Amino acid sequence: MTLFWQVLINGILSGGLYACAAIGFSVIWGVMNLINLAHGSMIILGAYITYMTTSTFGIDPFLTLPVSGCALFILGFLIQKYLINHVIGGSIFMTLILTFGLDLLLINAYLLIFSADLCAITPWYAGLGWEWGNVKIPYTRVGAFVFAIGLTLLLSLFMNRTKLGNAIRATSFDKDAASLAGVDVFKVYAITFGIGAGMAGMAGTLMSVIYSFSPVTGEIFTMKAFVIVVLGGLGSMPGAIVGGIILGLAENFASVLLSPGYKDAVSFFLLVIILVLRPRGILGKRFYAEVRD
Amino acid sequence: MRNVRKVRRIRSKIYSWVCICCAPLILLSISSTLKAEDIVRFGASLSLTGRMATEGRLVKDGYDFYVKHINQRGGIPIKGKPYKVEIVYYDDESDPKTATRLVEKLIVEDHIQYLLGPYSSSATFPASSVAEKYRVPMVEAHGSATTIFERGYQYVFATLNTVDQYTGGILNMAAGLKDPPKTIALINENALFPQLAMDGGEQHAKKLGINVVYKEKYPSGTKDLSSMLAVVREKNPDILLAGGYTADMILLVKQAKEMGVKPKMFGLMLGPTLPGFVNSLGKDAEYLLEPIQWSANMAWKDDVFGWTASDFARIFEKDFGYAPDYHPPQSAAALLVYHHALQKVGLADPQTVRNAIADTDIMTFYGPIKFNEKGMNIGKSMAVIQLQNGKPVVVYPENSAQGKLVYPIPYPH
């Protein structure tokens, strides 16, 4: 029974982080119909920013969240404004190729700057945690979970309650109508990409406390983001949380009940089931998920 | 029209100059072939560029180290006459297919009769097939996959310990303890090298009477091992051995601590001695074990140069400007195998030399070398290091230990 609770908690905790890693990807895809293949590399950049800041100034990794968030927001804003906005009206393959190229560029830049050596951040409380019977709940994972869910909810509030958020949502529903209503579509796109990148950066910070990373580990996060977004529903904030936690639980239970070797098979099997039974995703709404041309 | 003629005239002039300049070169090369009987030529295809270039260069430096020092002493004395040593190198760009082609070129075009190995198991595996086909001996130093030696080949020999022996040092050390561990858990990434290492570990543990309570593999690229480790905690093994590449090993050590896995002995197939590992984990890396092929303080001394392992490290660092890990001595040892075999039978045909190599029983600065009928080195075994205060300390075998094994691991540390 201890094992059951332990696996349940492990699943939920990693699910929260998955949700945070996927939300930026989801927003960018939902609003602009743009699949950002460089998303994983942006997460890694956030992790490196945290690594550099903590090793230089000795501050707690969780305190670097604003640093990585702001840095990635600015980078994302500029990338959208000066690169992607030029091709966004064209075929979806153009944006795919562009973000794929961007991914390669980022990875090779990290290799030059940070070298291929692995990094990990080990704060003093790493490995410590609460004990509930024989169930261990590590502080770092709980911290990452709380921040991840908190940031996702904040973003959700921002989208629903602010004027800018409404403008972003309006653009995602109908670009032309939003434009007629006085929304500067390209500026909204740049801000949206900035937000997506900023969320990726902060997810990177949270990830760096738990996992080890190197310039090439981003790819796995892009894959997971894909699965989560399809599971939860495109562009939906609660969908990302639900999708992330389902993925986390599926992986963890699969690795105990079947064999650790099957955990990826189980999560992708889940993806196929959802695509067959509910192609919009669990919490997806119709207008978000439709691929516009 | 006139211009064309002018160009032609200039061109023919250039050709004649080229011919005049090349003549001495051709003469030189003829004279060098005339002198060829005083030279022993070896051939190797190495990954000098591409993704394994770093390791490939370490191997080349190891080969060159032997060449430099044996030639300084006049060469290999064979039947009373010294022979200088020369190695023909090709760059296979870290591609096994290219390596295979180049080994064939070495045999067919360059008439090399004594081959050295390329870098990595994946290149050695196909390249050794070519050596076998032409019945030319290949003494390799960097193909550790057991599968290379399971094909019944007669012409392939390795100076290093193969991957199935990786866990041997740790488990033998464990069995020799006063209060020996009774249970073991083995986990590995689902990839060739870690899988073979842990399969070897399972067999070895059973032989020593250690009970295998858990053995599972996880997919490559995993980001979360916590639930796997929760199961390991339930099994409460005395020894935890894990095989995988560095990223996973850092994750594993972190999450083992988080999940409260507390083995008395904790070993990884690689990681602790690689750059960045201790920095990333800090105190959590303490007391981890890793099997190693060689270290500079091994109590071994060769009879060609009269150097111990530490002499090798010192002189190598003077020559090449960096402290050697196991790659260079492992490579140089391959040439020492030839050195002894050639001294015994002379510059004989490849088959005779092959037989002399099969009878090898020598001591080198890299350790003892003796081949079994498959061509694997059974003379030496893996040593074991333990991280103590962030530094690797050799704890096994006892005759070359730098420190005492900390067992059982004290928690918390």
# chains A, B, ... in the order shown; residues from 1 in each chain; ligands from 1
>>> select_by_dssp(residues="range 91-203 of chain B", states="alpha helix (DSSP H)", output="PyMOL selection string")
chain B and resi 96-108+121-133+168-175+192-203
>>> closest_atom_pairs(of="chain A", to="chain B", cutoff="7 Å", atoms="only C-alpha atoms", output="Markdown table")
| residue | atom | partner | partner_atom | distance |
| --- | --- | --- | --- | --- |
| A:Leu3 | CA | B:Ala230 | CA | 6.8 |
| A:Val7 | CA | B:Ser227 | CA | 5.6 |
| A:Asn10 | CA | B:Ser227 | CA | 6.7 |
| A:Asp117 | CA | B:Gly276 | CA | 6.2 |
| A:Leu118 | CA | B:Gly276 | CA | 6.2 |
| A:Cys119 | CA | B:Ser280 | CA | 5.7 |
| A:Ala120 | CA | B:Ser280 | CA | 4.8 |
| A:Ile121 | CA | B:Ser280 | CA | 6.3 |
| A:Thr122 | CA | B:Leu281 | CA | 6.2 |
| A:Gly127 | CA | B:Glu258 | CA | 4.3 |
| A:Leu128 | CA | B:Glu258 | CA | 6.4 |
| A:Lys136 | CA | B:Met259 | CA | 5.9 |
| A:Pro138 | CA | B:Glu258 | CA | 5.7 |
| A:Tyr211 | CA | B:Leu251 | CA | 5.9 |
| A:Ser212 | CA | B:Leu251 | CA | 6.0 |
| A:Asn252 | CA | B:Ser227 | CA | 5.7 |
| A:Ser255 | CA | B:Met228 | CA | 6.3 |
| A:Val256 | CA | B:Met228 | CA | 6.3 |
| A:Pro260 | CA | B:Tyr218 | CA | 4.9 |
| A:Gly261 | CA | B:Tyr218 | CA | 4.5 |
>>> residues_around(residues="Gly201 in chain A", least_positions_apart="5", cutoff="12 Å", atoms="only C-alpha atoms", output="number ranges by chain")
A: 20-25, 38-50, 64-76, 148, 151, 194-196, 206-208, 218
>>> write_last_selection(atoms="C-alpha atoms", output="short mmCIF file (atom, residue, chain, number, x, y, z; two decimals), in the first residue's frame")
data_model
loop_
_atom_site.label_atom_id
_atom_site.label_comp_id
_atom_site.auth_asym_id
_atom_site.auth_seq_id
_atom_site.Cartn_x
_atom_site.Cartn_y
_atom_site.Cartn_z
CA CYS A 20 4.17 23.83 -16.63
CA ALA A 21 6.58 22.65 -19.33
CA ALA A 22 3.71 22.18 -21.78
CA ILE A 23 1.65 25.30 -21.12
CA GLY A 24 3.83 27.67 -23.16
CA PHE A 25 3.81 25.25 -26.06
CA ALA A 38 12.35 24.96 -30.25
CA HIS A 39 10.22 24.79 -27.09
CA GLY A 40 12.42 22.16 -25.41
CA SER A 41 15.54 24.20 -26.12
CA MET A 42 13.91 27.25 -24.53
CA ILE A 43 13.23 25.20 -21.40
CA ILE A 44 16.91 24.25 -21.36
CA LEU A 45 17.89 27.91 -21.70
CA GLY A 46 15.84 28.67 -18.59
CA ALA A 47 17.67 25.87 -16.80
CA TYR A 48 21.06 27.29 -17.82
CA ILE A 49 20.08 30.78 -16.71
CA THR A 50 19.19 29.38 -13.30
CA THR A 64 15.69 32.88 -10.15
CA LEU A 65 12.22 32.29 -11.61
CA PRO A 66 11.69 35.99 -12.51
CA VAL A 67 15.15 36.15 -14.11
CA SER A 68 14.63 33.20 -16.44
CA GLY A 69 11.01 34.20 -17.10
CA CYS A 70 11.89 37.79 -18.12
CA ALA A 71 14.94 36.79 -20.15
CA LEU A 72 12.98 34.22 -22.14
CA PHE A 73 10.03 36.61 -22.57
CA ILE A 74 12.29 39.16 -24.20
CA LEU A 75 13.99 36.54 -26.37
CA GLY A 76 10.64 35.08 -27.42
CA ALA A 148 4.37 25.03 -11.70
CA LEU A 151 2.29 29.82 -12.67
CA GLY A 194 7.06 35.96 -25.42
CA ILE A 195 4.66 34.55 -22.83
CA GLY A 196 5.08 31.03 -24.17
CA LEU A 206 11.90 24.32 -11.96
CA MET A 207 13.19 21.40 -14.02
CA SER A 208 16.82 22.23 -13.25
CA GLY A 218 15.33 19.66 -24.54
#
>>> residues_around(residues="Thr140 in chain A", least_positions_apart="5", cutoff="8 Å", atoms="only C-alpha atoms", output="list of chain:residue names")
A:Tyr125, A:Ala126, A:Gly127, A:Gly129, A:Val209, A:Ile210
>>> write_last_selection(atoms="N, CA and C atoms", output="PDB file, in the first residue's frame")
ATOM      1  N   TYR A 125      18.803  21.574   0.389  1.00  0.00           N
ATOM      2  CA  TYR A 125      17.696  20.738   0.832  1.00  0.00           C
ATOM      3  C   TYR A 125      17.358  19.638  -0.168  1.00  0.00           C
ATOM      4  N   ALA A 126      18.201  19.455  -1.204  1.00  0.00           N
ATOM      5  CA  ALA A 126      17.938  18.394  -2.184  1.00  0.00           C
ATOM      6  C   ALA A 126      17.986  17.038  -1.490  1.00  0.00           C
ATOM      7  N   GLY A 127      17.047  16.198  -1.802  1.00  0.00           N
ATOM      8  CA  GLY A 127      17.033  14.858  -1.218  1.00  0.00           C
ATOM      9  C   GLY A 127      16.315  14.796   0.112  1.00  0.00           C
ATOM     10  N   GLY A 129      13.015  15.748   2.666  1.00  0.00           N
ATOM     11  CA  GLY A 129      11.587  15.851   2.402  1.00  0.00           C
ATOM     12  C   GLY A 129      10.755  15.413   3.591  1.00  0.00           C
ATOM     13  N   VAL A 209      16.062  22.032 -10.947  1.00  0.00           N
ATOM     14  CA  VAL A 209      16.232  21.652  -9.546  1.00  0.00           C
ATOM     15  C   VAL A 209      16.065  20.142  -9.380  1.00  0.00           C
ATOM     16  N   ILE A 210      15.311  19.536 -10.299  1.00  0.00           N
ATOM     17  CA  ILE A 210      14.963  18.120 -10.130  1.00  0.00           C
ATOM     18  C   ILE A 210      15.787  17.207 -11.035  1.00  0.00           C
TER      19      ILE A 210
END
>>> closest_residue(among="B:Phe312, B:Phe65, B:Tyr166, B:Trp307", to="Gly243 in chain B", atoms="only C-alpha atoms")
B:Tyr166
>>> residues_around(residues="range 238-248 of chain A", least_positions_apart="5", cutoff="9 Å", atoms="only C-alpha atoms", output="PyMOL selection string")
chain A and resi 10-23+26+149+152-153+156+224-225+227-233+253+267+270+281-284
>>> write_last_selection(atoms="N, CA and C atoms", output="mmCIF file, in the first residue's frame")
data_model
loop_
_atom_site.group_PDB
_atom_site.id
_atom_site.type_symbol
_atom_site.label_atom_id
_atom_site.label_comp_id
_atom_site.auth_asym_id
_atom_site.auth_seq_id
_atom_site.Cartn_x
_atom_site.Cartn_y
_atom_site.Cartn_z
ATOM 1 N N ASN A 10 4.344 10.486 -6.602
ATOM 2 C CA ASN A 10 5.369 10.722 -7.632
ATOM 3 C C ASN A 10 4.725 11.158 -8.939
ATOM 4 N N GLY A 11 3.647 10.480 -9.304
ATOM 5 C CA GLY A 11 2.975 10.777 -10.567
ATOM 6 C C GLY A 11 2.409 12.182 -10.578
ATOM 7 N N ILE A 12 1.733 12.555 -9.492
ATOM 8 C CA ILE A 12 1.126 13.890 -9.446
ATOM 9 C C ILE A 12 2.210 14.962 -9.451
ATOM 10 N N LEU A 13 3.282 14.737 -8.671
ATOM 11 C CA LEU A 13 4.343 15.746 -8.596
ATOM 12 C C LEU A 13 5.024 15.936 -9.948
ATOM 13 N N SER A 14 5.347 14.840 -10.643
ATOM 14 C CA SER A 14 6.002 15.056 -11.942
ATOM 15 C C SER A 14 4.994 15.600 -12.944
ATOM 16 N N GLY A 15 3.717 15.241 -12.786
ATOM 17 C CA GLY A 15 2.678 15.755 -13.677
ATOM 18 C C GLY A 15 2.563 17.265 -13.632
ATOM 19 N N GLY A 16 2.685 17.844 -12.454
ATOM 20 C CA GLY A 16 2.599 19.296 -12.317
ATOM 21 C C GLY A 16 3.686 19.987 -13.115
ATOM 22 N N LEU A 17 4.878 19.431 -13.027
ATOM 23 C CA LEU A 17 6.001 20.025 -13.760
ATOM 24 C C LEU A 17 5.807 19.853 -15.271
ATOM 25 N N TYR A 18 5.306 18.689 -15.661
ATOM 26 C CA TYR A 18 5.023 18.464 -17.080
ATOM 27 C C TYR A 18 4.034 19.512 -17.581
ATOM 28 N N ALA A 19 3.015 19.796 -16.758
ATOM 29 C CA ALA A 19 1.996 20.770 -17.148
ATOM 30 C C ALA A 19 2.635 22.120 -17.416
ATOM 31 N N CYS A 20 3.526 22.530 -16.492
ATOM 32 C CA CYS A 20 4.174 23.832 -16.631
ATOM 33 C C CYS A 20 5.065 23.855 -17.876
ATOM 34 N N ALA A 21 5.700 22.715 -18.164
ATOM 35 C CA ALA A 21 6.576 22.654 -19.333
ATOM 36 C C ALA A 21 5.760 22.706 -20.617
ATOM 37 N N ALA A 22 4.505 22.262 -20.559
ATOM 38 C CA ALA A 22 3.712 22.176 -21.775
ATOM 39 C C ALA A 22 2.891 23.430 -22.034
ATOM 40 N N ILE A 23 2.628 24.226 -20.986
ATOM 41 C CA ILE A 23 1.649 25.299 -21.124
ATOM 42 C C ILE A 23 2.070 26.340 -22.164
ATOM 43 N N SER A 26 1.471 25.037 -25.506
ATOM 44 C CA SER A 26 0.035 24.993 -25.761
ATOM 45 C C SER A 26 -0.508 26.368 -26.160
ATOM 46 N N ILE A 149 2.125 24.723 -10.835
ATOM 47 C CA ILE A 149 0.674 24.874 -10.864
ATOM 48 C C ILE A 149 0.296 26.344 -10.676
ATOM 49 N N THR A 152 0.845 28.290 -13.842
ATOM 50 C CA THR A 152 -0.161 27.933 -14.844
ATOM 51 C C THR A 152 -1.487 28.628 -14.538
ATOM 52 N N LEU A 153 -1.872 28.649 -13.249
ATOM 53 C CA LEU A 153 -3.117 29.312 -12.871
ATOM 54 C C LEU A 153 -3.035 30.822 -13.090
ATOM 55 N N SER A 156 -3.557 31.567 -16.583
ATOM 56 C CA SER A 156 -4.969 31.402 -16.886
ATOM 57 C C SER A 156 -5.748 32.658 -16.483
ATOM 58 N N LYS A 224 7.121 15.534 -24.811
ATOM 59 C CA LYS A 224 6.139 15.434 -23.730
ATOM 60 C C LYS A 224 5.088 16.529 -23.869
ATOM 61 N N ALA A 225 5.536 17.738 -24.237
ATOM 62 C CA ALA A 225 4.597 18.843 -24.413
ATOM 63 C C ALA A 225 3.550 18.479 -25.460
ATOM 64 N N VAL A 227 2.434 15.476 -26.278
ATOM 65 C CA VAL A 227 1.496 14.505 -25.712
ATOM 66 C C VAL A 227 0.514 15.206 -24.781
ATOM 67 N N ILE A 228 1.033 16.071 -23.900
ATOM 68 C CA ILE A 228 0.186 16.719 -22.900
ATOM 69 C C ILE A 228 -0.845 17.616 -23.563
ATOM 70 N N VAL A 229 -0.400 18.382 -24.565
ATOM 71 C CA VAL A 229 -1.317 19.307 -25.217
ATOM 72 C C VAL A 229 -2.450 18.549 -25.907
ATOM 73 N N VAL A 230 -2.103 17.443 -26.544
ATOM 74 C CA VAL A 230 -3.139 16.660 -27.204
ATOM 75 C C VAL A 230 -4.057 16.008 -26.174
ATOM 76 N N LEU A 231 -3.477 15.521 -25.085
ATOM 77 C CA LEU A 231 -4.285 14.910 -24.029
ATOM 78 C C LEU A 231 -5.253 15.908 -23.419
ATOM 79 N N GLY A 232 -4.731 17.059 -23.021
ATOM 80 C CA GLY A 232 -5.522 18.007 -22.246
ATOM 81 C C GLY A 232 -6.421 18.877 -23.100
ATOM 82 N N GLY A 233 -5.992 19.159 -24.290
ATOM 83 C CA GLY A 233 -6.759 20.055 -25.148
ATOM 84 C C GLY A 233 -5.930 21.272 -25.487
ATOM 85 N N PHE A 253 2.778 4.704 -12.881
ATOM 86 C CA PHE A 253 2.127 3.418 -12.615
ATOM 87 C C PHE A 253 2.590 2.353 -13.603
ATOM 88 N N SER A 267 2.349 5.766 -22.216
ATOM 89 C CA SER A 267 1.894 7.142 -22.406
ATOM 90 C C SER A 267 1.535 7.424 -23.857
ATOM 91 N N LEU A 270 -1.838 5.882 -24.586
ATOM 92 C CA LEU A 270 -2.861 6.790 -24.059
ATOM 93 C C LEU A 270 -3.171 7.889 -25.075
ATOM 94 N N GLY A 281 -9.181 16.551 -27.195
ATOM 95 C CA GLY A 281 -8.510 16.537 -25.899
ATOM 96 C C GLY A 281 -9.547 16.548 -24.799
ATOM 97 N N ILE A 282 -9.115 16.234 -23.589
ATOM 98 C CA ILE A 282 -10.062 16.057 -22.498
ATOM 99 C C ILE A 282 -10.819 17.344 -22.189
ATOM 100 N N LEU A 283 -10.099 18.470 -22.111
ATOM 101 C CA LEU A 283 -10.755 19.733 -21.796
ATOM 102 C C LEU A 283 -10.701 20.711 -22.968
ATOM 103 N N GLY A 284 -10.454 20.189 -24.151
ATOM 104 C CA GLY A 284 -10.293 21.078 -25.297
ATOM 105 C C GLY A 284 -11.627 21.630 -25.776
#
>>> atom_distance(atom1="CA of Phe365 in chain B", atom2="CA of Arg73 in chain B")
17.7 Å
>>> closest_residue(among="A:Leu63, A:Val188, A:Val27, A:Leu257", to="Phe147 in chain A", atoms="only C-alpha atoms")
A:Leu63
>>> atom_distance(atom1="CA of Asn160 in chain A", atom2="CA of Phe145 in chain A")
22.7 Å
>>> atom_distance(atom1="CA of Asn33 in chain A", atom2="CA of Lys175 in chain A")
11.2 Å
>>> closest_residue(among="A:Ile92, A:Ile79, A:Leu111, A:Asn134", to="Val261 in chain B", atoms="only C-alpha atoms")
A:Asn134
>>> residues_around(residues="Ala99 in chain B", least_positions_apart="4", cutoff="8 Å", atoms="only C-alpha atoms", output="ChimeraX atom specification")
/B:45-46,91-92,94-95,103,118,123,127
>>> select_by_dssp(residues="range 117-264 of chain A", states="strand (DSSP E or B)", output="PDB file with all heavy atoms, in the first residue's frame")
ATOM      1  N   CYS A 119      24.802  19.323 -16.430  1.00  0.00           N
ATOM      2  CA  CYS A 119      24.688  20.186 -15.263  1.00  0.00           C
ATOM      3  C   CYS A 119      23.526  19.707 -14.415  1.00  0.00           C
ATOM      4  O   CYS A 119      22.566  19.141 -14.923  1.00  0.00           O
ATOM      5  CB  CYS A 119      24.406  21.621 -15.677  1.00  0.00           C
ATOM      6  SG  CYS A 119      25.709  22.343 -16.634  1.00  0.00           S
ATOM      7  N   GLY A 129      13.015  15.748   2.666  1.00  0.00           N
ATOM      8  CA  GLY A 129      11.587  15.851   2.402  1.00  0.00           C
ATOM      9  C   GLY A 129      10.755  15.413   3.591  1.00  0.00           C
ATOM     10  O   GLY A 129      11.291  15.040   4.645  1.00  0.00           O
ATOM     11  N   TRP A 130       9.439  15.508   3.424  1.00  0.00           N
ATOM     12  CA  TRP A 130       8.536  15.032   4.464  1.00  0.00           C
ATOM     13  C   TRP A 130       8.449  13.517   4.392  1.00  0.00           C
ATOM     14  O   TRP A 130       8.580  12.940   3.321  1.00  0.00           O
ATOM     15  CB  TRP A 130       7.145  15.625   4.265  1.00  0.00           C
ATOM     16  CG  TRP A 130       7.100  17.087   4.525  1.00  0.00           C
ATOM     17  CD1 TRP A 130       7.165  17.712   5.737  1.00  0.00           C
ATOM     18  CD2 TRP A 130       6.974  18.112   3.540  1.00  0.00           C
ATOM     19  NE1 TRP A 130       7.097  19.075   5.565  1.00  0.00           N
ATOM     20  CE2 TRP A 130       6.983  19.350   4.235  1.00  0.00           C
ATOM     21  CE3 TRP A 130       6.879  18.122   2.141  1.00  0.00           C
ATOM     22  CZ2 TRP A 130       6.876  20.575   3.580  1.00  0.00           C
ATOM     23  CZ3 TRP A 130       6.771  19.334   1.492  1.00  0.00           C
ATOM     24  CH2 TRP A 130       6.777  20.547   2.199  1.00  0.00           C
ATOM     25  N   GLU A 131       8.180  12.921   5.524  1.00  0.00           N
ATOM     26  CA  GLU A 131       7.944  11.482   5.509  1.00  0.00           C
ATOM     27  C   GLU A 131       6.588  11.217   6.119  1.00  0.00           C
ATOM     28  O   GLU A 131       6.263  11.709   7.200  1.00  0.00           O
ATOM     29  CB  GLU A 131       9.038  10.757   6.287  1.00  0.00           C
ATOM     30  CG  GLU A 131      10.343  10.798   5.536  1.00  0.00           C
ATOM     31  CD  GLU A 131      11.388   9.874   6.136  1.00  0.00           C
ATOM     32  OE1 GLU A 131      11.013   8.859   6.741  1.00  0.00           O
ATOM     33  OE2 GLU A 131      12.574  10.219   6.006  1.00  0.00           O
ATOM     34  N   TRP A 132       5.792  10.478   5.385  1.00  0.00           N
ATOM     35  CA  TRP A 132       4.452  10.187   5.832  1.00  0.00           C
ATOM     36  C   TRP A 132       4.356   8.667   5.820  1.00  0.00           C
ATOM     37  O   TRP A 132       4.244   8.066   4.766  1.00  0.00           O
ATOM     38  CB  TRP A 132       3.460  10.846   4.871  1.00  0.00           C
ATOM     39  CG  TRP A 132       2.043  10.520   5.126  1.00  0.00           C
ATOM     40  CD1 TRP A 132       1.386  10.570   6.318  1.00  0.00           C
ATOM     41  CD2 TRP A 132       1.101  10.091   4.162  1.00  0.00           C
ATOM     42  NE1 TRP A 132       0.096  10.195   6.152  1.00  0.00           N
ATOM     43  CE2 TRP A 132      -0.115   9.895   4.830  1.00  0.00           C
ATOM     44  CE3 TRP A 132       1.155   9.843   2.772  1.00  0.00           C
ATOM     45  CZ2 TRP A 132      -1.260   9.454   4.198  1.00  0.00           C
ATOM     46  CZ3 TRP A 132       0.020   9.417   2.142  1.00  0.00           C
ATOM     47  CH2 TRP A 132      -1.186   9.232   2.849  1.00  0.00           C
ATOM     48  N   VAL A 135       6.144   6.856   3.071  1.00  0.00           N
ATOM     49  CA  VAL A 135       6.064   7.588   1.816  1.00  0.00           C
ATOM     50  C   VAL A 135       6.926   8.841   1.904  1.00  0.00           C
ATOM     51  O   VAL A 135       6.796   9.613   2.851  1.00  0.00           O
ATOM     52  CB  VAL A 135       4.602   7.954   1.507  1.00  0.00           C
ATOM     53  CG1 VAL A 135       4.512   8.750   0.223  1.00  0.00           C
ATOM     54  CG2 VAL A 135       3.755   6.706   1.408  1.00  0.00           C
ATOM     55  N   LYS A 136       7.820   9.023   0.916  1.00  0.00           N
ATOM     56  CA  LYS A 136       8.716  10.186   0.931  1.00  0.00           C
ATOM     57  C   LYS A 136       8.196  11.254  -0.033  1.00  0.00           C
ATOM     58  O   LYS A 136       7.831  10.961  -1.156  1.00  0.00           O
ATOM     59  CB  LYS A 136      10.112   9.766   0.477  1.00  0.00           C
ATOM     60  CG  LYS A 136      10.727   8.651   1.291  1.00  0.00           C
ATOM     61  CD  LYS A 136      11.524   9.225   2.423  1.00  0.00           C
ATOM     62  CE  LYS A 136      12.364   8.184   3.156  1.00  0.00           C
ATOM     63  NZ  LYS A 136      11.693   6.950   3.523  1.00  0.00           N
ATOM     64  N   ILE A 137       8.163  12.498   0.469  1.00  0.00           N
ATOM     65  CA  ILE A 137       7.735  13.607  -0.388  1.00  0.00           C
ATOM     66  C   ILE A 137       8.848  14.650  -0.376  1.00  0.00           C
ATOM     67  O   ILE A 137       8.946  15.453   0.533  1.00  0.00           O
ATOM     68  CB  ILE A 137       6.416  14.213   0.120  1.00  0.00           C
ATOM     69  CG1 ILE A 137       5.397  13.084   0.362  1.00  0.00           C
ATOM     70  CG2 ILE A 137       5.874  15.219  -0.874  1.00  0.00           C
ATOM     71  CD1 ILE A 137       4.137  13.535   1.049  1.00  0.00           C
ATOM     72  N   PRO A 138       9.716  14.641  -1.404  1.00  0.00           N
ATOM     73  CA  PRO A 138      10.879  15.528  -1.410  1.00  0.00           C
ATOM     74  C   PRO A 138      10.477  17.004  -1.548  1.00  0.00           C
ATOM     75  O   PRO A 138       9.575  17.328  -2.327  1.00  0.00           O
ATOM     76  CB  PRO A 138      11.666  15.082  -2.632  1.00  0.00           C
ATOM     77  CG  PRO A 138      11.049  13.814  -3.097  1.00  0.00           C
ATOM     78  CD  PRO A 138       9.654  13.781  -2.583  1.00  0.00           C
ATOM     79  N   PHE A 213      20.616  18.221 -16.779  1.00  0.00           N
ATOM     80  CA  PHE A 213      20.356  18.659 -18.150  1.00  0.00           C
ATOM     81  C   PHE A 213      21.649  18.957 -18.887  1.00  0.00           C
ATOM     82  O   PHE A 213      22.686  19.226 -18.281  1.00  0.00           O
ATOM     83  CB  PHE A 213      19.445  19.897 -18.155  1.00  0.00           C
ATOM     84  CG  PHE A 213      19.986  21.040 -17.338  1.00  0.00           C
ATOM     85  CD1 PHE A 213      20.735  22.044 -17.917  1.00  0.00           C
ATOM     86  CD2 PHE A 213      19.739  21.094 -15.979  1.00  0.00           C
ATOM     87  CE1 PHE A 213      21.237  23.096 -17.156  1.00  0.00           C
ATOM     88  CE2 PHE A 213      20.248  22.136 -15.202  1.00  0.00           C
ATOM     89  CZ  PHE A 213      20.987  23.128 -15.800  1.00  0.00           C
TER      90      PHE A 213
END
